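J.: File data_36.pdb follows (PDB, C-alpha atoms):
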ATOM      1  CA  SER A   1      -3.808  -1.492  20.457
ATOM      2  CA  GLN A   2      -4.390  -1.837  16.721
ATOM      3  CA  LYS A   3      -2.290  -4.399  14.907
ATOM      4  CA  ILE A   4      -2.003  -6.085  11.528
ATOM      5  CA  GLU A   5       0.144  -9.198  11.466
ATOM      6  CA  GLN A   6       1.169 -11.252   8.476
ATOM      7  CA  ASN A   7       2.042 -14.782   9.488
ATOM      8  CA  SER A   8       5.702 -14.786   8.744
ATOM      9  CA  GLU A   9       8.317 -12.507   7.335
ATOM     10  CA  ALA A  10       9.392 -15.139   4.802
ATOM     11  CA  LEU A  11       7.889 -18.262   3.307
ATOM     12  CA  ASN A  12       9.713 -20.755   1.090
ATOM     13  CA  ILE A  13       7.859 -23.374  -0.915
ATOM     14  CA  GLN A  14       8.477 -25.749  -3.784
ATOM     15  CA  GLU A  15       7.181 -25.031  -7.275
ATOM     16  CA  GLY A  16       3.750 -26.550  -7.859
ATOM     17  CA  LYS A  17       2.690 -26.407  -4.210
ATOM     18  CA  THR A  18       0.058 -24.109  -2.742
ATOM     19  CA  ALA A  19       1.321 -21.075  -0.843
ATOM     20  CA  THR A  20      -0.877 -19.889   2.027
ATOM     21  CA  LEU A  21      -0.289 -16.468   3.547
ATOM     22  CA  THR A  22      -2.102 -15.213   6.641
ATOM     23  CA  CYS A  23      -3.198 -11.752   7.663
ATOM     24  CA  ASN A  24      -4.556 -11.229  11.186
ATOM     25  CA  TYR A  25      -5.755  -7.958  12.633
ATOM     26  CA  THR A  26      -6.950  -6.608  15.973
ATOM     27  CA  ASN A  27      -9.030  -3.578  16.874
ATOM     28  CA  TYR A  28      -9.880  -2.646  13.304
ATOM     29  CA  SER A  29     -13.229  -2.870  11.527
ATOM     30  CA  PRO A  30     -12.346  -2.915   7.842
ATOM     31  CA  ALA A  31     -15.097  -2.625   5.288
ATOM     32  CA  TYR A  32     -12.932  -4.689   2.996
ATOM     33  CA  LEU A  33      -9.493  -6.181   2.685
ATOM     34  CA  GLN A  34      -7.048  -6.075  -0.195
ATOM     35  CA  TRP A  35      -3.958  -8.018  -1.183
ATOM     36  CA  TYR A  36      -1.031  -6.503  -3.077
ATOM     37  CA  ARG A  37       2.134  -7.868  -4.622
ATOM     38  CA  GLN A  38       5.401  -5.940  -4.344
ATOM     39  CA  ASP A  39       8.573  -6.733  -6.243
ATOM     40  CA  PRO A  40      11.936  -5.375  -5.036
ATOM     41  CA  GLY A  41      12.347  -1.667  -5.721
ATOM     42  CA  ARG A  42       8.828  -1.271  -7.110
ATOM     43  CA  GLY A  43       5.460  -0.047  -5.908
ATOM     44  CA  PRO A  44       2.773  -2.470  -4.711
ATOM     45  CA  VAL A  45       0.409  -3.828  -7.348
ATOM     46  CA  PHE A  46      -3.202  -4.681  -6.550
ATOM     47  CA  LEU A  47      -4.224  -8.350  -6.754
ATOM     48  CA  LEU A  48      -7.564  -8.971  -5.071
ATOM     49  CA  LEU A  49     -10.197  -7.263  -2.958
ATOM     50  CA  ILE A  50     -12.745  -8.957  -0.680
ATOM     51  CA  ARG A  51     -15.625  -7.296   1.120
ATOM     52  CA  GLU A  52     -16.619  -7.905   4.740
ATOM     53  CA  ASN A  53     -19.766  -9.757   3.663
ATOM     54  CA  GLU A  54     -17.884 -12.063   1.285
ATOM     55  CA  LYS A  55     -16.321 -15.304   2.470
ATOM     56  CA  GLU A  56     -14.164 -16.121  -0.516
ATOM     57  CA  LYS A  57     -12.917 -14.575  -3.765
ATOM     58  CA  ARG A  58     -10.997 -16.184  -6.606
ATOM     59  CA  LYS A  59      -8.972 -14.922  -9.528
ATOM     60  CA  GLU A  60      -7.124 -17.436 -11.672
ATOM     61  CA  ARG A  61      -4.650 -19.199  -9.316
ATOM     62  CA  LEU A  62      -5.369 -16.813  -6.441
ATOM     63  CA  LYS A  63      -7.915 -17.289  -3.676
ATOM     64  CA  VAL A  64      -8.679 -15.033  -0.731
ATOM     65  CA  THR A  65     -10.860 -15.740   2.285
ATOM     66  CA  PHE A  66     -12.058 -13.234   4.856
ATOM     67  CA  ASP A  67     -13.360 -14.176   8.298
ATOM     68  CA  THR A  68     -14.502 -11.080  10.224
ATOM     69  CA  THR A  69     -15.200 -13.186  13.331
ATOM     70  CA  LEU A  70     -11.652 -14.512  13.473
ATOM     71  CA  LYS A  71     -10.360 -11.196  12.101
ATOM     72  CA  GLN A  72      -8.304 -13.075   9.577
ATOM     73  CA  SER A  73      -7.724 -13.284   5.842
ATOM     74  CA  LEU A  74      -5.981 -16.140   4.069
ATOM     75  CA  PHE A  75      -4.345 -15.682   0.669
ATOM     76  CA  HIS A  76      -3.646 -18.783  -1.403
ATOM     77  CA  ILE A  77      -1.583 -19.196  -4.566
ATOM     78  CA  THR A  78      -2.165 -22.603  -6.124
ATOM     79  CA  ALA A  79       0.267 -24.340  -8.485
ATOM     80  CA  SER A  80       2.911 -21.813  -7.467
ATOM     81  CA  GLN A  81       5.657 -20.808  -9.885
ATOM     82  CA  PRO A  82       9.062 -19.167  -9.391
ATOM     83  CA  ALA A  83       7.555 -16.037 -10.988
ATOM     84  CA  ASP A  84       5.229 -15.787  -7.966
ATOM     85  CA  SER A  85       8.235 -14.976  -5.782
ATOM     86  CA  ALA A  86       7.603 -11.524  -4.304
ATOM     87  CA  THR A  87       6.447  -9.803  -1.130
ATOM     88  CA  TYR A  88       2.707  -9.928  -0.529
ATOM     89  CA  LEU A  89       0.973  -7.233   1.497
ATOM     90  CA  CYS A  90      -2.458  -7.305   3.044
ATOM     91  CA  ALA A  91      -4.279  -4.009   3.490
ATOM     92  CA  LEU A  92      -7.297  -3.111   5.608
ATOM     93  CA  ASP A  93      -9.421  -0.383   4.112
ATOM     94  CA  MET A  94     -11.700   1.572   6.401
ATOM     95  CA  GLY A  95     -12.665   4.029   3.655
ATOM     96  CA  ASN A  96     -10.396   7.047   4.001
ATOM     97  CA  ASP A  97      -7.895   5.155   6.058
ATOM     98  CA  MET A  98      -5.904   2.224   4.679
ATOM     99  CA  ARG A  99      -3.499   0.214   6.852
ATOM    100  CA  PHE A 100      -0.952  -2.259   5.523
ATOM    101  CA  GLY A 101       0.711  -5.267   7.053
ATOM    102  CA  ALA A 102       4.497  -5.530   6.940
ATOM    103  CA  GLY A 103       4.282  -8.192   4.230
ATOM    104  CA  THR A 104       5.374 -11.792   3.688
ATOM    105  CA  ARG A 105       8.271 -12.480   1.347
ATOM    106  CA  LEU A 106       7.410 -15.567  -0.683
ATOM    107  CA  THR A 107      10.101 -17.566  -2.484
ATOM    108  CA  VAL A 108       9.035 -20.361  -4.834
ATOM    109  CA  LYS A 109      11.892 -22.725  -5.592
ATOM    110  CA  PRO A 110      12.079 -24.650  -8.885
TER     111      PRO A 110
ATOM    112  CA  GLU B   1      -1.101   4.540 -20.122
ATOM    113  CA  ALA B   2      -2.795   4.915 -16.737
ATOM    114  CA  GLN B   3      -0.142   5.606 -14.160
ATOM    115  CA  VAL B   4       1.107   7.394 -11.072
ATOM    116  CA  THR B   5       4.441   9.140 -11.520
ATOM    117  CA  GLN B   6       6.838  10.382  -8.866
ATOM    118  CA  ASN B   7       9.903  12.559  -9.087
ATOM    119  CA  PRO B   8      12.667  12.298  -8.250
ATOM    120  CA  ARG B   9      13.131   8.529  -8.000
ATOM    121  CA  TYR B  10      16.278   8.887  -5.908
ATOM    122  CA  LEU B  11      17.377  11.787  -3.721
ATOM    123  CA  ILE B  12      20.248  12.299  -1.325
ATOM    124  CA  THR B  13      20.070  15.494   0.699
ATOM    125  CA  VAL B  14      21.314  17.031   3.939
ATOM    126  CA  THR B  15      19.511  17.774   7.168
ATOM    127  CA  GLY B  16      17.403  20.913   7.032
ATOM    128  CA  LYS B  17      17.373  21.472   3.284
ATOM    129  CA  LYS B  18      13.763  21.787   2.134
ATOM    130  CA  LEU B  19      12.665  19.390  -0.572
ATOM    131  CA  THR B  20       9.572  18.469  -2.534
ATOM    132  CA  VAL B  21       8.674  15.112  -4.021
ATOM    133  CA  THR B  22       6.140  15.437  -6.804
ATOM    134  CA  CYS B  23       3.327  13.006  -7.534
ATOM    135  CA  SER B  24       0.990  13.054 -10.509
ATOM    136  CA  GLN B  25      -1.752  10.713 -11.718
ATOM    137  CA  ASN B  26      -3.529  10.671 -15.075
ATOM    138  CA  MET B  27      -6.586   8.615 -14.082
ATOM    139  CA  ASN B  28      -8.747  11.475 -12.763
ATOM    140  CA  HIS B  29      -8.779   9.844  -9.321
ATOM    141  CA  GLU B  30     -10.271  11.790  -6.454
ATOM    142  CA  TYR B  31      -8.234  10.132  -3.706
ATOM    143  CA  MET B  32      -4.459  10.403  -3.383
ATOM    144  CA  SER B  33      -2.127   9.432  -0.566
ATOM    145  CA  TRP B  34       1.496   9.263   0.520
ATOM    146  CA  TYR B  35       3.173   6.361   2.295
ATOM    147  CA  ARG B  36       6.593   5.646   3.630
ATOM    148  CA  GLN B  37       7.994   2.128   3.736
ATOM    149  CA  ASP B  38      10.621   1.053   6.231
ATOM    150  CA  PRO B  39      12.025  -2.451   6.839
ATOM    151  CA  GLY B  40       9.902  -4.396   9.306
ATOM    152  CA  LEU B  41       7.308  -1.613   9.564
ATOM    153  CA  GLY B  42       5.574  -1.968   6.240
ATOM    154  CA  LEU B  43       3.747   0.851   4.513
ATOM    155  CA  ARG B  44       2.611   3.683   6.774
ATOM    156  CA  GLN B  45       0.320   6.417   5.569
ATOM    157  CA  ILE B  46       1.640   9.973   5.895
ATOM    158  CA  TYR B  47      -1.171  12.089   4.443
ATOM    159  CA  TYR B  48      -4.138  11.541   2.186
ATOM    160  CA  SER B  49      -6.471  13.706   0.156
ATOM    161  CA  MET B  50     -10.087  12.928  -0.663
ATOM    162  CA  ASN B  51     -10.238  15.642  -3.335
ATOM    163  CA  VAL B  52      -8.910  19.052  -4.359
ATOM    164  CA  GLU B  53      -8.184  21.289  -1.360
ATOM    165  CA  VAL B  54      -9.045  18.464   1.089
ATOM    166  CA  THR B  55      -6.151  16.839   2.957
ATOM    167  CA  ASP B  56      -5.928  14.814   6.173
ATOM    168  CA  LYS B  57      -3.241  13.341   8.375
ATOM    169  CA  GLY B  58      -2.459   9.649   8.201
ATOM    170  CA  ASP B  59      -0.488   7.578  10.652
ATOM    171  CA  VAL B  60       2.854   9.416  10.565
ATOM    172  CA  PRO B  61       2.354  13.057   9.424
ATOM    173  CA  GLU B  62       5.006  14.727  11.611
ATOM    174  CA  GLY B  63       7.654  16.542   9.599
ATOM    175  CA  TYR B  64       5.671  16.459   6.338
ATOM    176  CA  LYS B  65       3.326  18.781   4.477
ATOM    177  CA  VAL B  66       1.135  18.226   1.446
ATOM    178  CA  SER B  67      -1.060  20.271  -0.828
ATOM    179  CA  ARG B  68      -3.774  19.409  -3.339
ATOM    180  CA  LYS B  69      -4.360  22.398  -5.584
ATOM    181  CA  GLU B  70      -5.135  20.324  -8.660
ATOM    182  CA  LYS B  71      -6.784  16.944  -8.942
ATOM    183  CA  ARG B  72      -3.850  15.270 -10.663
ATOM    184  CA  ASN B  73      -1.008  16.483  -8.391
ATOM    185  CA  PHE B  74      -0.226  15.778  -4.753
ATOM    186  CA  PRO B  75       3.284  16.937  -3.782
ATOM    187  CA  LEU B  76       4.964  15.888  -0.539
ATOM    188  CA  ILE B  77       7.000  18.620   1.154
ATOM    189  CA  LEU B  78       9.701  18.138   3.763
ATOM    190  CA  GLU B  79      10.367  21.609   5.160
ATOM    191  CA  SER B  80      13.364  20.580   7.268
ATOM    192  CA  PRO B  81      14.338  16.969   6.545
ATOM    193  CA  SER B  82      15.991  14.909   9.258
ATOM    194  CA  PRO B  83      17.836  11.559   9.056
ATOM    195  CA  ASN B  84      14.820   9.698  10.481
ATOM    196  CA  GLN B  85      12.947  10.616   7.304
ATOM    197  CA  THR B  86      15.314   8.471   5.274
ATOM    198  CA  SER B  87      12.915   6.012   3.706
ATOM    199  CA  LEU B  88      11.215   4.729   0.565
ATOM    200  CA  TYR B  89       8.204   6.876  -0.301
ATOM    201  CA  PHE B  90       5.197   5.882  -2.374
ATOM    202  CA  CYS B  91       2.391   7.975  -3.779
ATOM    203  CA  ALA B  92      -0.907   6.273  -4.592
ATOM    204  CA  SER B  93      -4.305   7.160  -5.999
ATOM    205  CA  LYS B  94      -7.702   5.539  -6.290
ATOM    206  CA  ARG B  95     -11.153   6.250  -7.612
ATOM    207  CA  THR B  96     -13.805   6.964  -4.994
ATOM    208  CA  GLY B  97     -17.502   7.694  -4.936
ATOM    209  CA  GLY B  98     -20.685   6.009  -3.839
ATOM    210  CA  LEU B  99     -20.339   2.591  -2.241
ATOM    211  CA  THR B 100     -17.631   1.445  -4.612
ATOM    212  CA  TYR B 101     -14.437   0.219  -3.060
ATOM    213  CA  ASN B 102     -11.401   0.362  -5.272
ATOM    214  CA  GLU B 103      -7.786  -0.609  -5.364
ATOM    215  CA  GLN B 104      -4.980   1.877  -5.045
ATOM    216  CA  PHE B 105      -2.526   2.477  -7.864
ATOM    217  CA  PHE B 106       0.990   3.090  -6.633
ATOM    218  CA  GLY B 107       3.824   5.105  -8.093
ATOM    219  CA  PRO B 108       7.307   3.620  -8.590
ATOM    220  CA  GLY B 109       8.674   5.024  -5.334
ATOM    221  CA  THR B 110      11.196   7.668  -4.271
ATOM    222  CA  ARG B 111      14.186   6.557  -2.277
ATOM    223  CA  LEU B 112      15.205   9.436   0.012
ATOM    224  CA  THR B 113      18.397   9.595   2.045
ATOM    225  CA  VAL B 114      18.879  12.444   4.518
ATOM    226  CA  LEU B 115      22.452  12.829   5.748
TER     227      LEU B 115
END
Could the structure of this file be written out as structure tokens, please?
T.:
Amino acid sequence: SQKIEQNSEALNIQEGKTATLTCNYTNYSPAYLQWYRQDPGRGPVFLLLIRENEKEKRKERLKVTFDTTLKQSLFHITASQPADSATYLCALDMGNDMRFGAGTRLTVKP
Amino acid sequence: EAQVTQNPRYLITVTGKKLTVTCSQNMNHEYMSWYRQDPGLGLRQIYYSMNVEVTDKGDVPEGYKVSRKEKRNFPLILESPSPNQTSLYFCASKRTGGLTYNEQFFGPGTRLTVL
């Protein structure tokens, strides 16, 4: 069956550390993968997109990797801050069809 | 300001009473979609539309209808709402065309309770 799994429902880290979130999928063939941030009571906001032929993408303190052999994407936030606390969603885009993971709730403690 | 708007933001209704949630985008996007979000299940796609007069079922279309008569609007219709449709609903849009892959822009959400 098709599945998208994000490593854990919740992740707590100390300010200044690197947060690493995992997205694993089975029986999908996404052309690309996206990461979104969602704050309570609000719609998801796009962060980064990585294509199937790209290994790594960076944007400021964010880094995403995409391994189509392992069927896994890793999302890193370096030098994390309390303002990074939110739920992070990975999304597999097959063109018309987009499937989301359930999300990981990240809490960065001062 | 580029945005996706939804109305209403909050709605409490009773079983069987038809309702419509409106969605509008001002970015001239071809693609629009509806999702529902439930605890532990994440975002699940209900319907999507590649362009005017073109709609397709997503993951969980049962009990919902949509229409796309104009490019900017994509209303979600619940003909006979039931309690299991109590959820948080999001509309989204994105630009399409060629080999370009683009992010989706989401609306603020509509929290629906069906009693």
J.: Taking all atoms listed in the file into account, which residues of chain B are within 8 Å of chain A, as a list in words?
T.: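 In the required form, that comes to Gly40, Leu41, Gly42, Leu43, Arg44, Gln45, Tyr48, Met50, Gly58, Phe90, Tyr101, Glu103, Gln104, Phe105, Phe106, Gly107, Pro108 and Gly109 of chain B.
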J.: Which residues would end up in the selection if the PyMOL selection byres ((chain B and resi 71-82) around 9) were applied here, given that I need the answer as an mmCIF file with C-alpha atoms, in the frame of the given file?
T.:
data_model
loop_
_atom_site.group_PDB
_atom_site.id
_atom_site.type_symbol
_atom_site.label_atom_id
_atom_site.label_comp_id
_atom_site.auth_asym_id
_atom_site.auth_seq_id
_atom_site.Cartn_x
_atom_site.Cartn_y
_atom_site.Cartn_z
ATOM 1 C CA THR B 13 20.070 15.494 0.699
ATOM 2 C CA VAL B 14 21.314 17.031 3.939
ATOM 3 C CA THR B 15 19.511 17.774 7.168
ATOM 4 C CA GLY B 16 17.403 20.913 7.032
ATOM 5 C CA LYS B 17 17.373 21.472 3.284
ATOM 6 C CA LYS B 18 13.763 21.787 2.134
ATOM 7 C CA LEU B 19 12.665 19.390 -0.572
ATOM 8 C CA THR B 20 9.572 18.469 -2.534
ATOM 9 C CA VAL B 21 8.674 15.112 -4.021
ATOM 10 C CA THR B 22 6.140 15.437 -6.804
ATOM 11 C CA CYS B 23 3.327 13.006 -7.534
ATOM 12 C CA SER B 24 0.990 13.054 -10.509
ATOM 13 C CA GLN B 25 -1.752 10.713 -11.718
ATOM 14 C CA ASN B 26 -3.529 10.671 -15.075
ATOM 15 C CA MET B 27 -6.586 8.615 -14.082
ATOM 16 C CA ASN B 28 -8.747 11.475 -12.763
ATOM 17 C CA HIS B 29 -8.779 9.844 -9.321
ATOM 18 C CA GLU B 30 -10.271 11.790 -6.454
ATOM 19 C CA TYR B 31 -8.234 10.132 -3.706
ATOM 20 C CA MET B 32 -4.459 10.403 -3.383
ATOM 21 C CA SER B 33 -2.127 9.432 -0.566
ATOM 22 C CA TRP B 34 1.496 9.263 0.520
ATOM 23 C CA TYR B 47 -1.171 12.089 4.443
ATOM 24 C CA SER B 49 -6.471 13.706 0.156
ATOM 25 C CA ASN B 51 -10.238 15.642 -3.335
ATOM 26 C CA VAL B 52 -8.910 19.052 -4.359
ATOM 27 C CA GLU B 53 -8.184 21.289 -1.360
ATOM 28 C CA GLY B 63 7.654 16.542 9.599
ATOM 29 C CA TYR B 64 5.671 16.459 6.338
ATOM 30 C CA LYS B 65 3.326 18.781 4.477
ATOM 31 C CA VAL B 66 1.135 18.226 1.446
ATOM 32 C CA SER B 67 -1.060 20.271 -0.828
ATOM 33 C CA ARG B 68 -3.774 19.409 -3.339
ATOM 34 C CA LYS B 69 -4.360 22.398 -5.584
ATOM 35 C CA GLU B 70 -5.135 20.324 -8.660
ATOM 36 C CA PRO B 83 17.836 11.559 9.056
ATOM 37 C CA ASN B 84 14.820 9.698 10.481
ATOM 38 C CA GLN B 85 12.947 10.616 7.304
ATOM 39 C CA THR B 86 15.314 8.471 5.274
ATOM 40 C CA CYS B 91 2.391 7.975 -3.779
ATOM 41 C CA VAL B 114 18.879 12.444 4.518
ATOM 42 C CA LEU B 115 22.452 12.829 5.748
#
J.: Mind pulling up the distance from CA of Ala83 in chain A to CA of Lys59 in chain A?
T.: 16.6 Å
J.: Determine the nearest neighbour of Leu21 in chain A from the options A:Phe66, A:Glu54, A:Thr104, A:Ala86, counting only C-alpha atoms.
T.: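 Of the candidates, the smallest distance to Leu21 in chain A is held by A:Thr104.
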J.: Please provide as JSON, numbers by chain all residues within 7 Å of Ile4 in chain A, with the sequence filter that same-chain residues fewer than 2 positions apart are discarded (counting only C-alpha atoms).
T.: {"A": [6, 23, 24, 25, 26, 101]}
J.: Between A:Leu11, A:Glu60, A:Lys109, A:Ser85, single out the one closest to Pro40 in chain A, counting all atoms listed in the file.
T.: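 Ranked by minimum distance to Pro40 in chain A, first place goes to A:Ser85.
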J.: Please measure the separation of CA of Gly16 in chain A and CA of Asp67 in chain A, giving the value in Å to one decimal.
T.: 26.6 Å
J.: Once the PyMOL selection byres ((chain A and resi 75) around 6) has been applied to the shown file, what residues remain in the selection, as a list in words?
T.: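 After applying the PyMOL selection byres ((chain A and resi 75) around 6), what remains is Thr20, Leu21, Lys63, Val64, Leu74 and His76 of chain A.
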J.: Box time for range 11-15 of chain B: axis-aligned, enclosing all its listed atoms, 8 Å extra on each side; report centre and edge lengths in Å to one decimal, as JSON.
T.:
{"center_x": 19.3, "center_y": 14.8, "center_z": 1.7, "size_x": 19.9, "size_y": 22.0, "size_z": 26.9}
J.: What residues have an atom no more than 6 Å from (-3.1, -19.0, -7.6) in the file's own frame, counting only C-alpha atoms, and can you write them as a short mmCIF file (atom, residue, chain, number, x, y, z; two decimals) with C-alpha atoms, keeping the file's coordinate frame?
T.:
data_model
loop_
_atom_site.label_atom_id
_atom_site.label_comp_id
_atom_site.auth_asym_id
_atom_site.auth_seq_id
_atom_site.Cartn_x
_atom_site.Cartn_y
_atom_site.Cartn_z
CA GLU A 60 -7.12 -17.44 -11.67
CA ARG A 61 -4.65 -19.20 -9.32
CA LEU A 62 -5.37 -16.81 -6.44
CA ILE A 77 -1.58 -19.20 -4.57
CA THR A 78 -2.16 -22.60 -6.12
#
J.: Report, in Å with one decimal, the straight-line distance from CA of Ala92 in chain B to CA of Tyr10 in chain B.
T.: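 Between CA of Ala92 in chain B and CA of Tyr10 in chain B the gap is 17.4 Å.
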J.: Just so the selection is clear, what residues does the PyMOL selection byres ((chain A and resi 14) around 7) cover here, as a PyMOL selection string?
T.: chain A and resi 13+15-17+108-110
J.: Using all atoms listed in the file, which of the listed residues (A:Thr69, A:Ser80, A:Thr87, A:Thr107) sits closest to Thr18 in chain A?
T.: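 Using all atoms listed in the file, Thr18 in chain A sits closest to A:Ser80.
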